[in-house]
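What follows is the content of start.tsv (TSV, C-alpha atoms).
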```tsv
chain	number	residue	atom	x	y	z
A	1	MET	CA	10.63	-23.98	7.28
A	2	THR	CA	9.37	-26.01	4.36
A	3	ARG	CA	10.28	-23.54	1.63
A	4	THR	CA	13.83	-23.02	2.85
A	5	THR	CA	14.30	-26.73	3.30
A	6	THR	CA	13.04	-27.39	-0.21
A	7	ARG	CA	15.34	-24.78	-1.70
A	8	ARG	CA	18.27	-26.10	0.29
A	9	ALA	CA	17.50	-29.63	-0.83
A	10	SER	CA	17.12	-28.61	-4.46
A	11	SER	CA	20.39	-26.67	-4.40
A	12	THR	CA	22.14	-29.71	-3.01
A	13	VAL	CA	20.66	-31.82	-5.79
A	14	ALA	CA	21.66	-29.19	-8.35
A	15	ALA	CA	25.21	-29.26	-7.06
A	16	ALA	CA	25.30	-33.03	-7.28
A	17	THR	CA	23.84	-33.32	-10.79
A	18	PRO	CA	25.76	-31.52	-13.54
A	19	ALA	CA	22.84	-30.74	-15.90
A	20	PRO	CA	19.95	-29.15	-14.02
A	21	ALA	CA	18.69	-27.38	-17.16
A	22	THR	CA	17.52	-30.63	-18.68
A	23	ALA	CA	15.24	-31.46	-15.74
A	24	LEU	CA	12.12	-29.36	-16.22
A	25	SER	CA	10.15	-28.33	-13.17
A	26	LYS	CA	6.51	-29.32	-13.02
A	27	ASP	CA	5.26	-25.82	-13.82
A	28	SER	CA	7.67	-25.40	-16.74
A	29	ALA	CA	6.54	-28.72	-18.22
A	30	LEU	CA	2.92	-27.70	-17.76
A	31	ALA	CA	3.54	-24.32	-19.40
A	32	GLY	CA	5.16	-26.07	-22.36
A	33	GLU	CA	2.16	-28.34	-22.64
A	34	ILE	CA	-0.26	-25.37	-22.58
A	35	LYS	CA	1.78	-23.60	-25.22
A	36	ALA	CA	1.61	-26.66	-27.48
A	37	LEU	CA	-2.17	-26.86	-27.01
A	38	VAL	CA	-2.64	-23.16	-27.81
A	39	VAL	CA	-0.43	-23.41	-30.88
A	40	ALA	CA	-2.44	-26.45	-32.02
A	41	GLY	CA	-5.61	-24.39	-31.64
A	42	ARG	CA	-6.99	-26.47	-28.76
A	43	ARG	CA	-7.74	-23.54	-26.50
A	44	ASP	CA	-10.35	-25.29	-24.37
A	45	ALA	CA	-7.92	-28.04	-23.43
A	46	ALA	CA	-5.23	-25.38	-22.83
A	47	ARG	CA	-7.55	-23.52	-20.45
A	48	GLU	CA	-8.16	-26.69	-18.47
A	49	ARG	CA	-4.43	-27.30	-18.06
A	50	PHE	CA	-3.95	-23.62	-17.24
A	51	ALA	CA	-6.16	-24.05	-14.18
A	52	ASP	CA	-3.59	-26.53	-12.85
A	53	LEU	CA	-0.78	-24.10	-13.51
A	54	VAL	CA	-2.64	-21.35	-11.65
A	55	ALA	CA	-3.14	-23.66	-8.70
A	56	LEU	CA	0.59	-24.42	-8.65
A	57	GLN	CA	1.81	-20.82	-8.68
A	58	GLN	CA	-1.04	-18.86	-7.14
A	59	ARG	CA	-0.08	-18.82	-3.47
A	60	ARG	CA	3.52	-17.90	-4.17
A	61	ALA	CA	2.35	-15.15	-6.53
A	62	ALA	CA	-0.02	-13.76	-3.90
A	63	ARG	CA	2.78	-13.66	-1.32
A	64	ILE	CA	5.13	-11.82	-3.65
A	65	ALA	CA	2.48	-9.36	-4.83
A	66	TYR	CA	1.40	-8.64	-1.26
A	67	GLN	CA	4.97	-7.89	-0.23
A	68	TYR	CA	5.34	-5.51	-3.15
A	69	LEU	CA	2.05	-3.69	-2.80
A	70	ARG	CA	1.04	-4.11	0.86
A	71	ASP	CA	-2.58	-3.95	-0.20
A	72	VAL	CA	-4.74	-7.00	-0.59
A	73	HIS	CA	-6.90	-5.61	-3.41
A	74	ASP	CA	-3.96	-4.34	-5.44
A	75	ALA	CA	-2.12	-7.62	-4.90
A	76	ASP	CA	-5.20	-9.54	-6.01
A	77	GLU	CA	-5.42	-7.44	-9.17
A	78	ALA	CA	-1.71	-7.84	-9.90
A	79	VAL	CA	-1.88	-11.62	-9.57
A	80	GLN	CA	-4.96	-11.87	-11.80
A	81	ASP	CA	-3.42	-9.63	-14.44
A	82	ALA	CA	-0.18	-11.61	-14.41
A	83	PHE	CA	-1.95	-14.93	-14.97
A	84	VAL	CA	-4.14	-13.51	-17.74
A	85	LYS	CA	-1.03	-12.08	-19.43
A	86	VAL	CA	0.68	-15.44	-19.15
A	87	PHE	CA	-2.19	-17.18	-20.94
A	88	THR	CA	-2.48	-14.47	-23.58
A	89	HIS	CA	1.24	-14.60	-24.36
A	90	ILE	CA	1.87	-18.28	-23.72
A	91	ALA	CA	2.83	-18.75	-27.38
A	92	SER	CA	5.90	-16.59	-26.75
A	93	TYR	CA	7.01	-18.61	-23.73
A	94	ARG	CA	10.52	-19.98	-24.17
A	95	GLU	CA	10.88	-23.47	-22.80
A	96	ASP	CA	14.59	-22.95	-22.12
A	97	LEU	CA	13.67	-20.45	-19.39
A	98	PRO	CA	12.09	-21.76	-16.18
A	99	PHE	CA	8.43	-20.84	-16.12
A	100	GLU	CA	8.77	-19.50	-12.57
A	101	VAL	CA	11.30	-16.89	-13.72
A	102	TRP	CA	9.17	-15.82	-16.69
A	103	PHE	CA	6.06	-15.61	-14.58
A	104	THR	CA	7.82	-13.74	-11.77
A	105	ARG	CA	9.06	-11.18	-14.25
A	106	ILE	CA	5.54	-10.58	-15.53
A	107	LEU	CA	4.18	-10.38	-11.99
A	108	VAL	CA	6.88	-8.01	-10.74
A	109	ASN	CA	6.43	-5.69	-13.73
A	110	GLY	CA	2.70	-5.62	-13.03
A	111	CYS	CA	3.30	-4.87	-9.36
A	112	LEU	CA	5.68	-2.03	-10.22
A	113	ASP	CA	3.13	-0.56	-12.65
A	114	LEU	CA	0.42	-0.74	-10.02
A	115	ARG	CA	2.69	0.83	-7.42
A	116	LYS	CA	3.47	3.69	-9.80
A	117	ALA	CA	-0.22	4.17	-10.60
A	118	ARG	CA	-1.07	4.17	-6.91
A	119	SER	CA	1.51	6.81	-6.04
A	120	ARG	CA	0.22	8.96	-8.91
A	121	ARG	CA	-3.33	8.53	-7.62
A	122	LEU	CA	-2.32	9.41	-4.07
A	123	ARG	CA	-0.65	12.61	-5.27
A	124	TRP	CA	-3.90	13.99	-6.66
A	125	VAL	CA	-6.68	12.28	-4.78
A	126	LEU	CA	-7.18	12.19	-1.03
A	127	PRO	CA	-7.76	8.72	0.40
A	128	ALA	CA	-11.48	8.09	0.81
A	129	THR	CA	-11.36	6.76	4.35
A	130	SER	CA	-8.90	6.72	7.19
A	131	SER	CA	-8.85	2.94	7.36
A	132	SER	CA	-5.61	1.20	6.44
A	133	ASP	CA	-5.22	-0.06	2.90
A	134	ALA	CA	-4.73	-3.60	4.04
A	135	ALA	CA	-7.69	-5.80	4.71
A	136	PRO	CA	-8.44	-6.48	8.37
A	137	ARG	CA	-6.25	-9.28	9.53
A	138	GLU	CA	-8.05	-12.37	10.61
A	139	PRO	CA	-7.70	-13.17	14.29
A	140	VAL	CA	-5.26	-15.88	15.13
A	141	ALA	CA	-7.14	-19.05	15.87
A	142	PRO	CA	-6.64	-20.75	19.25
A	143	ASP	CA	-4.95	-23.68	17.50
A	144	ALA	CA	-2.80	-21.42	15.34
A	145	GLY	CA	0.53	-22.73	14.12
A	146	PRO	CA	3.93	-21.30	15.09
A	147	GLU	CA	3.92	-18.98	12.06
A	148	ASP	CA	0.67	-17.32	13.11
A	149	THR	CA	1.85	-17.08	16.67
A	150	LEU	CA	5.05	-15.38	15.55
A	151	LEU	CA	3.11	-12.99	13.33
A	152	ALA	CA	0.82	-12.05	16.19
A	153	SER	CA	3.71	-11.52	18.60
A	154	GLU	CA	5.56	-8.28	19.30
A	155	ARG	CA	8.62	-9.71	17.59
A	156	GLY	CA	6.58	-10.50	14.49
A	157	ARG	CA	5.35	-6.92	14.29
A	158	HIS	CA	8.89	-5.59	14.64
A	159	ILE	CA	10.11	-7.85	11.87
A	160	ALA	CA	7.28	-6.81	9.53
A	161	ALA	CA	8.01	-3.14	10.29
A	162	ALA	CA	11.73	-3.64	9.68
A	163	VAL	CA	11.10	-5.29	6.29
A	164	ALA	CA	8.79	-2.42	5.38
A	165	GLN	CA	11.57	0.06	6.20
A	166	LEU	CA	13.99	-1.42	3.69
A	167	PRO	CA	14.76	0.69	0.63
A	168	GLU	CA	12.63	-0.29	-2.35
A	169	ARG	CA	15.22	-2.21	-4.36
A	170	GLN	CA	16.55	-4.06	-1.33
A	171	ARG	CA	13.02	-5.03	-0.33
A	172	ASP	CA	12.26	-6.24	-3.85
A	173	VAL	CA	15.32	-8.46	-3.96
A	174	PHE	CA	14.78	-9.69	-0.42
A	175	THR	CA	11.14	-10.48	-1.20
A	176	LEU	CA	11.96	-12.55	-4.26
A	177	CYS	CA	14.81	-14.41	-2.55
A	178	GLN	CA	13.26	-15.04	0.83
A	179	ILE	CA	9.54	-15.13	0.08
A	180	GLY	CA	9.59	-16.13	-3.58
A	181	GLY	CA	12.21	-18.75	-2.81
A	182	GLN	CA	14.33	-17.84	-5.82
A	183	SER	CA	18.09	-17.97	-6.16
A	184	ALA	CA	20.16	-14.84	-6.87
A	185	ASN	CA	20.51	-15.99	-10.46
A	186	GLU	CA	16.75	-16.38	-10.93
A	187	VAL	CA	16.10	-13.01	-9.29
A	188	SER	CA	18.66	-11.38	-11.56
A	189	ARG	CA	16.80	-12.75	-14.58
A	190	ALA	CA	13.42	-11.74	-13.21
A	191	LEU	CA	14.46	-8.18	-12.39
A	192	GLY	CA	16.86	-7.66	-15.28
A	193	LEU	CA	19.80	-6.97	-12.96
A	194	SER	CA	23.21	-8.59	-12.82
A	195	GLU	CA	23.62	-11.38	-10.32
A	196	ALA	CA	26.34	-9.42	-8.50
A	197	THR	CA	23.94	-6.47	-8.06
A	198	VAL	CA	21.26	-8.78	-6.71
A	199	ARG	CA	23.67	-10.21	-4.18
A	200	VAL	CA	24.80	-6.74	-3.10
A	201	HIS	CA	21.19	-5.66	-2.54
A	202	LEU	CA	20.41	-8.87	-0.70
A	203	PHE	CA	23.43	-8.57	1.61
A	204	ARG	CA	22.60	-4.94	2.33
A	205	ALA	CA	19.00	-5.83	3.06
A	206	ILE	CA	19.99	-8.54	5.50
A	207	ARG	CA	22.55	-6.34	7.26
A	208	ARG	CA	20.04	-3.53	7.50
A	209	LEU	CA	17.35	-5.82	8.85
A	210	ARG	CA	19.75	-7.12	11.47
A	211	ALA	CA	20.68	-3.59	12.51
A	212	LEU	CA	17.03	-2.50	12.67
A	213	LEU	CA	15.99	-5.48	14.74
A	214	GLU	CA	18.97	-5.18	17.09
A	215	HIS	CA	18.11	-1.53	17.56
A	216	GLU	CA	14.53	-2.51	18.37
A	217	ARG	CA	15.72	-5.03	20.92
A	218	LYS	CA	17.80	-2.38	22.71
B	1	MET	CA	47.12	-22.60	11.17
B	2	ARG	CA	43.87	-21.26	12.58
B	3	HIS	CA	41.35	-20.01	9.97
B	4	PRO	CA	40.28	-16.36	10.51
B	5	HIS	CA	36.69	-15.50	11.44
B	6	LEU	CA	34.22	-15.59	8.57
B	7	SER	CA	33.16	-12.24	7.13
B	8	ASP	CA	29.55	-11.10	7.33
B	9	ASP	CA	29.04	-11.58	3.60
B	10	ARG	CA	30.46	-15.08	3.72
B	11	LEU	CA	28.24	-15.98	6.64
B	12	ILE	CA	25.18	-14.65	4.81
B	13	ASP	CA	26.23	-16.69	1.80
B	14	VAL	CA	26.48	-19.79	3.96
B	15	CYS	CA	23.05	-19.10	5.42
B	16	LEU	CA	21.62	-18.63	1.91
B	17	ASP	CA	22.28	-22.23	1.02
B	18	HIS	CA	25.86	-21.89	-0.18
B	19	ALA	CA	27.74	-24.71	1.44
B	20	PRO	CA	30.88	-23.54	3.27
B	21	ALA	CA	34.30	-24.68	2.13
B	22	ALA	CA	35.98	-27.43	4.07
B	23	THR	CA	38.23	-25.00	5.97
B	24	GLU	CA	35.25	-22.77	6.78
B	25	GLN	CA	33.28	-25.77	7.92
B	26	ARG	CA	36.09	-26.77	10.28
B	27	HIS	CA	36.32	-23.21	11.58
B	28	LEU	CA	32.57	-23.03	12.18
B	29	ALA	CA	32.76	-26.29	14.10
B	30	THR	CA	35.46	-25.01	16.43
B	31	CYS	CA	34.83	-21.24	16.69
B	32	GLY	CA	32.02	-20.42	19.07
B	33	VAL	CA	31.80	-16.77	17.95
B	34	CYS	CA	31.28	-17.58	14.27
B	35	ALA	CA	28.91	-20.43	15.06
B	36	GLU	CA	26.78	-18.06	17.12
B	37	ARG	CA	26.85	-15.37	14.41
B	38	ARG	CA	25.77	-17.96	11.89
B	39	ALA	CA	22.95	-19.19	14.11
B	40	ASN	CA	21.72	-15.62	14.70
B	41	LEU	CA	21.75	-14.87	10.98
B	42	ALA	CA	19.95	-18.08	10.13
B	43	ARG	CA	17.32	-17.30	12.77
B	44	LEU	CA	16.86	-13.78	11.41
B	45	LEU	CA	16.38	-15.04	7.85
B	46	ASN	CA	14.02	-17.74	8.96
B	47	GLU	CA	11.95	-15.36	11.07
B	48	THR	CA	11.70	-12.66	8.42
B	49	SER	CA	10.51	-15.05	5.75
B	50	THR	CA	8.14	-16.77	8.18
B	51	VAL	CA	6.59	-13.45	9.17
B	52	ALA	CA	6.26	-12.26	5.57
B	53	VAL	CA	4.68	-15.51	4.47
B	54	ALA	CA	2.31	-15.62	7.46
B	55	GLU	CA	1.34	-12.00	6.85
B	56	ALA	CA	0.42	-12.67	3.21
B	57	ASP	CA	-1.32	-15.94	4.02
B	58	ALA	CA	-3.42	-14.21	6.67
B	59	VAL	CA	-4.97	-11.93	4.04
B	60	PHE	CA	-4.96	-14.41	1.17
B	61	THR	CA	-7.09	-17.07	2.77
B	62	GLY	CA	-8.06	-20.26	0.98
B	63	GLU	CA	-11.44	-18.81	0.16
B	64	ARG	CA	-9.94	-15.68	-1.33
B	65	LEU	CA	-7.51	-17.72	-3.41
B	66	ALA	CA	-10.35	-19.87	-4.73
B	67	ARG	CA	-12.27	-16.72	-5.69
B	68	GLN	CA	-9.19	-15.31	-7.34
B	69	ARG	CA	-8.65	-18.53	-9.32
B	70	ALA	CA	-12.25	-18.43	-10.53
B	71	HIS	CA	-11.80	-14.80	-11.65
B	72	ILE	CA	-8.60	-15.64	-13.49
B	73	LEU	CA	-10.17	-18.53	-15.37
B	74	GLN	CA	-13.24	-16.46	-16.18
B	75	ARG	CA	-11.07	-13.65	-17.56
B	76	VAL	CA	-8.99	-16.12	-19.56
B	77	GLU	CA	-12.15	-17.57	-21.06
B	78	GLN	CA	-13.42	-14.11	-21.99
B	79	GLU	CA	-10.07	-13.13	-23.51
B	80	SER	CA	-9.90	-16.22	-25.66
B	81	ARG	CA	-13.45	-15.88	-26.93
B	82	GLN	CA	-13.13	-14.36	-30.37
B	83	GLY	CA	-15.30	-11.50	-31.57
B	84	ARG	CA	-18.10	-12.33	-34.04
B	85	LEU	CA	-19.70	-10.03	-36.58
B	86	ILE	CA	-23.47	-9.94	-36.33
B	87	SER	CA	-25.30	-9.02	-39.51
B	88	PHE	CA	-27.75	-6.16	-39.23
B	89	PRO	CA	-30.62	-6.16	-39.91
B	90	ALA	CA	-30.98	-9.80	-38.96
B	91	GLY	CA	-31.43	-12.21	-41.82
B	92	GLN	CA	-29.78	-9.99	-44.40
B	93	THR	CA	-27.23	-11.76	-46.59
B	94	SER	CA	-23.60	-10.73	-46.50
B	95	SER	CA	-22.13	-8.21	-48.93
B	96	PRO	CA	-20.16	-10.63	-51.20
B	97	SER	CA	-23.31	-12.51	-52.16
B	98	LEU	CA	-25.05	-9.17	-52.65
B	99	LEU	CA	-22.40	-8.14	-55.15
B	100	ARG	CA	-22.61	-11.53	-56.83
B	101	ALA	CA	-26.35	-11.05	-57.26
B	102	ARG	CA	-25.87	-7.65	-58.93
B	103	PRO	CA	-22.73	-7.66	-61.10
B	104	ALA	CA	-23.47	-4.13	-62.36
B	105	ALA	CA	-22.72	-2.78	-58.89
B	106	ARG	CA	-19.14	-3.94	-59.25
B	107	TRP	CA	-18.74	-1.94	-62.49
B	108	ILE	CA	-20.20	1.17	-60.90
B	109	ALA	CA	-17.93	0.88	-57.86
B	110	GLY	CA	-14.89	0.36	-60.08
B	111	ALA	CA	-15.71	3.36	-62.25
B	112	ALA	CA	-16.25	5.56	-59.18
B	113	ALA	CA	-12.91	4.51	-57.68
B	114	ALA	CA	-11.09	5.18	-60.99
B	115	GLY	CA	-12.75	8.61	-61.29
B	116	LEU	CA	-11.76	9.51	-57.76
B	117	PHE	CA	-8.19	8.43	-58.36
B	118	ILE	CA	-7.89	10.45	-61.59
B	119	GLY	CA	-9.44	13.48	-59.90
B	120	LEU	CA	-7.05	13.29	-56.97
B	121	LEU	CA	-4.05	12.95	-59.27
B	122	ALA	CA	-5.10	15.90	-61.40
B	123	GLY	CA	-5.75	18.05	-58.34
B	124	HIS	CA	-2.37	17.20	-56.89
B	125	LEU	CA	-0.53	18.14	-60.08
B	126	THR	CA	-2.44	21.41	-60.49
B	127	HIS	CA	-1.78	22.40	-56.87
B	128	ASP	CA	1.97	21.81	-57.25
B	129	PHE	CA	2.21	23.99	-60.36
B	130	THR	CA	0.24	26.81	-58.79
B	131	ALA	CA	2.27	26.76	-55.62
B	132	GLY	CA	5.50	27.02	-57.59
B	133	ARG	CA	4.20	30.02	-59.59
B	134	VAL	CA	2.36	32.05	-56.97
B	135	MET	CA	4.58	31.73	-53.89
B	136	PRO	CA	7.64	33.98	-54.32
B	137	SER	CA	10.38	32.89	-51.96
B	138	SER	CA	11.12	36.48	-50.86
B	139	LEU	CA	7.78	36.75	-49.08
B	140	THR	CA	8.21	33.82	-46.78
B	141	PRO	CA	11.10	34.99	-44.53
B	142	SER	CA	9.63	38.42	-43.81
B	143	ARG	CA	6.35	36.91	-42.62
B	144	ALA	CA	8.14	34.29	-40.58
B	145	ALA	CA	10.37	36.87	-38.97
B	146	SER	CA	7.56	39.21	-38.06
B	147	SER	CA	5.27	36.82	-36.22
B	148	PRO	CA	7.50	35.64	-33.33
B	149	ALA	CA	8.58	39.22	-32.64
B	150	SER	CA	5.04	40.46	-32.30
B	151	PHE	CA	4.14	37.50	-30.13
B	152	GLN	CA	7.11	38.17	-27.88
B	153	ALA	CA	6.14	41.82	-27.58
B	154	VAL	CA	2.66	40.88	-26.42
B	155	SER	CA	3.78	38.26	-23.97
B	156	THR	CA	6.49	40.34	-22.27
B	157	SER	CA	4.60	43.61	-22.16
B	158	MET	CA	1.88	42.20	-19.91
B	159	SER	CA	2.79	41.88	-16.24
B	160	GLU	CA	1.33	39.24	-13.96
B	161	GLU	CA	-0.71	41.87	-12.14
B	162	GLU	CA	-2.16	43.14	-15.39
B	163	PHE	CA	-2.92	39.64	-16.56
B	164	LEU	CA	-4.83	38.87	-13.38
B	165	GLY	CA	-6.65	42.18	-13.69
B	166	ARG	CA	-7.73	41.31	-17.20
B	167	LEU	CA	-8.97	37.98	-15.95
B	168	GLU	CA	-11.13	39.77	-13.39
B	169	ILE	CA	-12.60	42.03	-16.02
B	170	ALA	CA	-13.30	39.07	-18.25
B	171	ILE	CA	-15.10	37.26	-15.45
B	172	GLU	CA	-17.22	40.31	-14.66
B	173	GLY	CA	-17.96	40.78	-18.34
B	174	THR	CA	-19.39	37.33	-18.83
B	175	GLY	CA	-21.78	37.84	-15.94
B	176	SER	CA	-21.50	34.25	-14.80
B	177	SER	CA	-23.34	34.50	-11.52
B	178	ALA	CA	-22.87	30.81	-10.85
B	179	LEU	CA	-19.13	31.37	-10.40
B	180	ARG	CA	-19.58	34.30	-8.03
B	181	PRO	CA	-19.53	32.27	-4.76
B	182	LEU	CA	-16.34	30.53	-5.89
B	183	ASP	CA	-14.79	33.86	-6.70
B	184	ASP	CA	-15.72	35.19	-3.28
B	185	LEU	CA	-14.03	32.29	-1.62
B	186	THR	CA	-10.79	32.77	-3.56
B	187	PRO	CA	-8.40	35.26	-1.91
B	188	LEU	CA	-7.35	38.11	-4.16
B	189	VAL	CA	-3.70	38.41	-5.01
B	190	TRP	CA	-3.32	41.94	-3.65
B	191	GLU	CA	-5.01	40.98	-0.41
B	192	VAL	CA	-2.52	38.20	0.07
B	193	ALA	CA	0.32	40.53	-0.90
B	194	ALA	CA	-0.85	43.15	1.60
B	195	GLN	CA	-0.82	40.61	4.40
```
Could you spell out this file's structure in structure tokens?
Amino acid sequence: MTRTTTRRASSTVAAATPAPATALSKDSALAGEIKALVVAGRRDAARERFADLVALQQRRAARIAYQYLRDVHDADEAVQDAFVKVFTHIASYREDLPFEVWFTRILVNGCLDLRKARSRRLRWVLPATSSSDAAPREPVAPDAGPEDTLLASERGRHIAAAVAQLPERQRDVFTLCQIGGQSANEVSRALGLSEATVRVHLFRAIRRLRALLEHERK
Amino acid sequence: MRHPHLSDDRLIDVCLDHAPAATEQRHLATCGVCAERRANLARLLNETSTVAVAEADAVFTGERLARQRAHILQRVEQESRQGRLISFPAGQTSSPSLLRARPAARWIAGAAAAGLFIGLLAGHLTHDFTAGRVMPSSLTPSRAASSPASFQAVSTSMSEEEFLGRLEIAIEGTGSSALRPLDDLTPLVWEVAAQ
């Protein structure tokens, strides 16, 4: 898979080069540039550059938010809110922190707030219709790729159900590591947990997933 | 010496991009059991992330993402647009120039503010003196002690049954006919108790 390969490649590069902090990622450099424009009072130019930053991070953000919220409308709202917050508070962005980590933290906090608000709403208000909260999935095209084929298969459904069964914290960590493509260290900074705790949750999640899927197979 | 089998945690670590040590690497190359465990774990991780990504991408289509991007940029533009004060009625000059045109207004405003300040100060001082003279300290505890006791007596003397009864009387007393159907629908406490 492309994402895993990229991460593997980057980790190899990081191991080979002693100072990875000095090499800014494209989004971090862009965020720094936007911050400088905002501070200089050139908001129009900053907005134009911000569009590029949104394009860079948007798909990843949507994937993370969808895993957290399991609802396309809520995920959409969370992603929008996170980007608007980023622009509003770009002056407080610290260039020594990777933009991806800062942004993920904002996004995750927004998702958690939305999840809390939704559970509060569900406690008092009956759902309006019996339809599922997710948008209808688009049919897999005849020339669908292997990912779509896997998703549409029985195995794909079992995997999605197993991930959904994970305890909340384990699912959060697993989502950020496996779907967000972040390292344990980055996840620890995004969630405000120690790296050891992140690794414990990740290991438990993987073991649990394996057990659930083996049980399904039997 | 033969290296022992790799633990689950170590295998997960290896699958999560942490390169195995040289001895582990040699063991993985020769031990069929560990190599198979590693392959199974790697497949599981790959499949789970593939499914999750495909699931999200199926709902967040390119069109939806483009719409979302447009919304974000629109909201950002709205947020950064600063508020502007509109003078009302239109065409009227702003207040500083108004004051400049009539310097006497400034004197009047200043005198009014000074008068208000002096009045407030005098009132405050008078109130403090009066309070010190009129309020004997002996009165305060007796009043404070009596009120919670009486409140407690009222609250404990009324049973739940009596309270509900009083509610009924109050409802009948108001004569709110609009609430009657609702009242009819609500089961009475003694009816429920009897059942």
| task | Enumerate as a PyMOL selection string the residues belonging to chain B that approach chain A to within 10 Å, with all atoms listed in the file taken into account. | result | chain B and resi 8-10+12-13+15-19+40-41+44-62+64-66+68-77+79-81
| note | Atom pair CA of Ala91 (chain A) + CA of Ala46 (chain A), distance 11.4 Å
| said: Just the number, please: distance in Å from CA of Arg94 (chain A) to CA of Leu176 (chain A), one decimal. | reply: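 Taking CA of Arg94 (chain A) as the start and CA of Leu176 (chain A) as the end point, the length is 21.3 Å.
Of note, CA of Trp107 (chain B) and CA of Leu125 (chain B) are spaced 27.2 Å apart.
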Any chance you could work out the axis-aligned box around region 10-16 of chain B, listed atoms only, 3 Å on each side, giving centre and edge lengths in Å to one decimal, as lines of an AutoDock Vina configuration file?
```
center_x = 26.0
center_y = -17.2
center_z = 4.2
size_x = 14.8
size_y = 11.1
size_z = 10.8
```
| said: With distances taken over all atoms listed in the file, which residue among A:His89, A:Arg120, A:Arg169, A:Lys26 lies nearest Leu56 (chain A)? | reply: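 Among the listed residues, the smallest separation from Leu56 (chain A) belongs to A:Lys26.
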| request: Dump as a list in words all residues having an atom at most 7 Å from (34.5, -18.2, 10.3), computed in the file's coordinates with only C-alpha atoms. | output: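 Protein and nucleic acid residues near the point are Pro4, His5, Leu6, Ser7, Glu24, His27, Leu28 and Cys34 of chain B.
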How would the residues just chosen look if you wrote them out with C-alpha atoms as a PDB file, in the coordinates of the input?
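New file out19.pdb:
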```pdb
ATOM      1  CA  PRO B   4      40.280 -16.360  10.510  1.00  0.00           C
ATOM      2  CA  HIS B   5      36.690 -15.500  11.440  1.00  0.00           C
ATOM      3  CA  LEU B   6      34.220 -15.590   8.570  1.00  0.00           C
ATOM      4  CA  SER B   7      33.160 -12.240   7.130  1.00  0.00           C
ATOM      5  CA  GLU B  24      35.250 -22.770   6.780  1.00  0.00           C
ATOM      6  CA  HIS B  27      36.320 -23.210  11.580  1.00  0.00           C
ATOM      7  CA  LEU B  28      32.570 -23.030  12.180  1.00  0.00           C
ATOM      8  CA  CYS B  34      31.280 -17.580  14.270  1.00  0.00           C
TER       9      CYS B  34
END
```
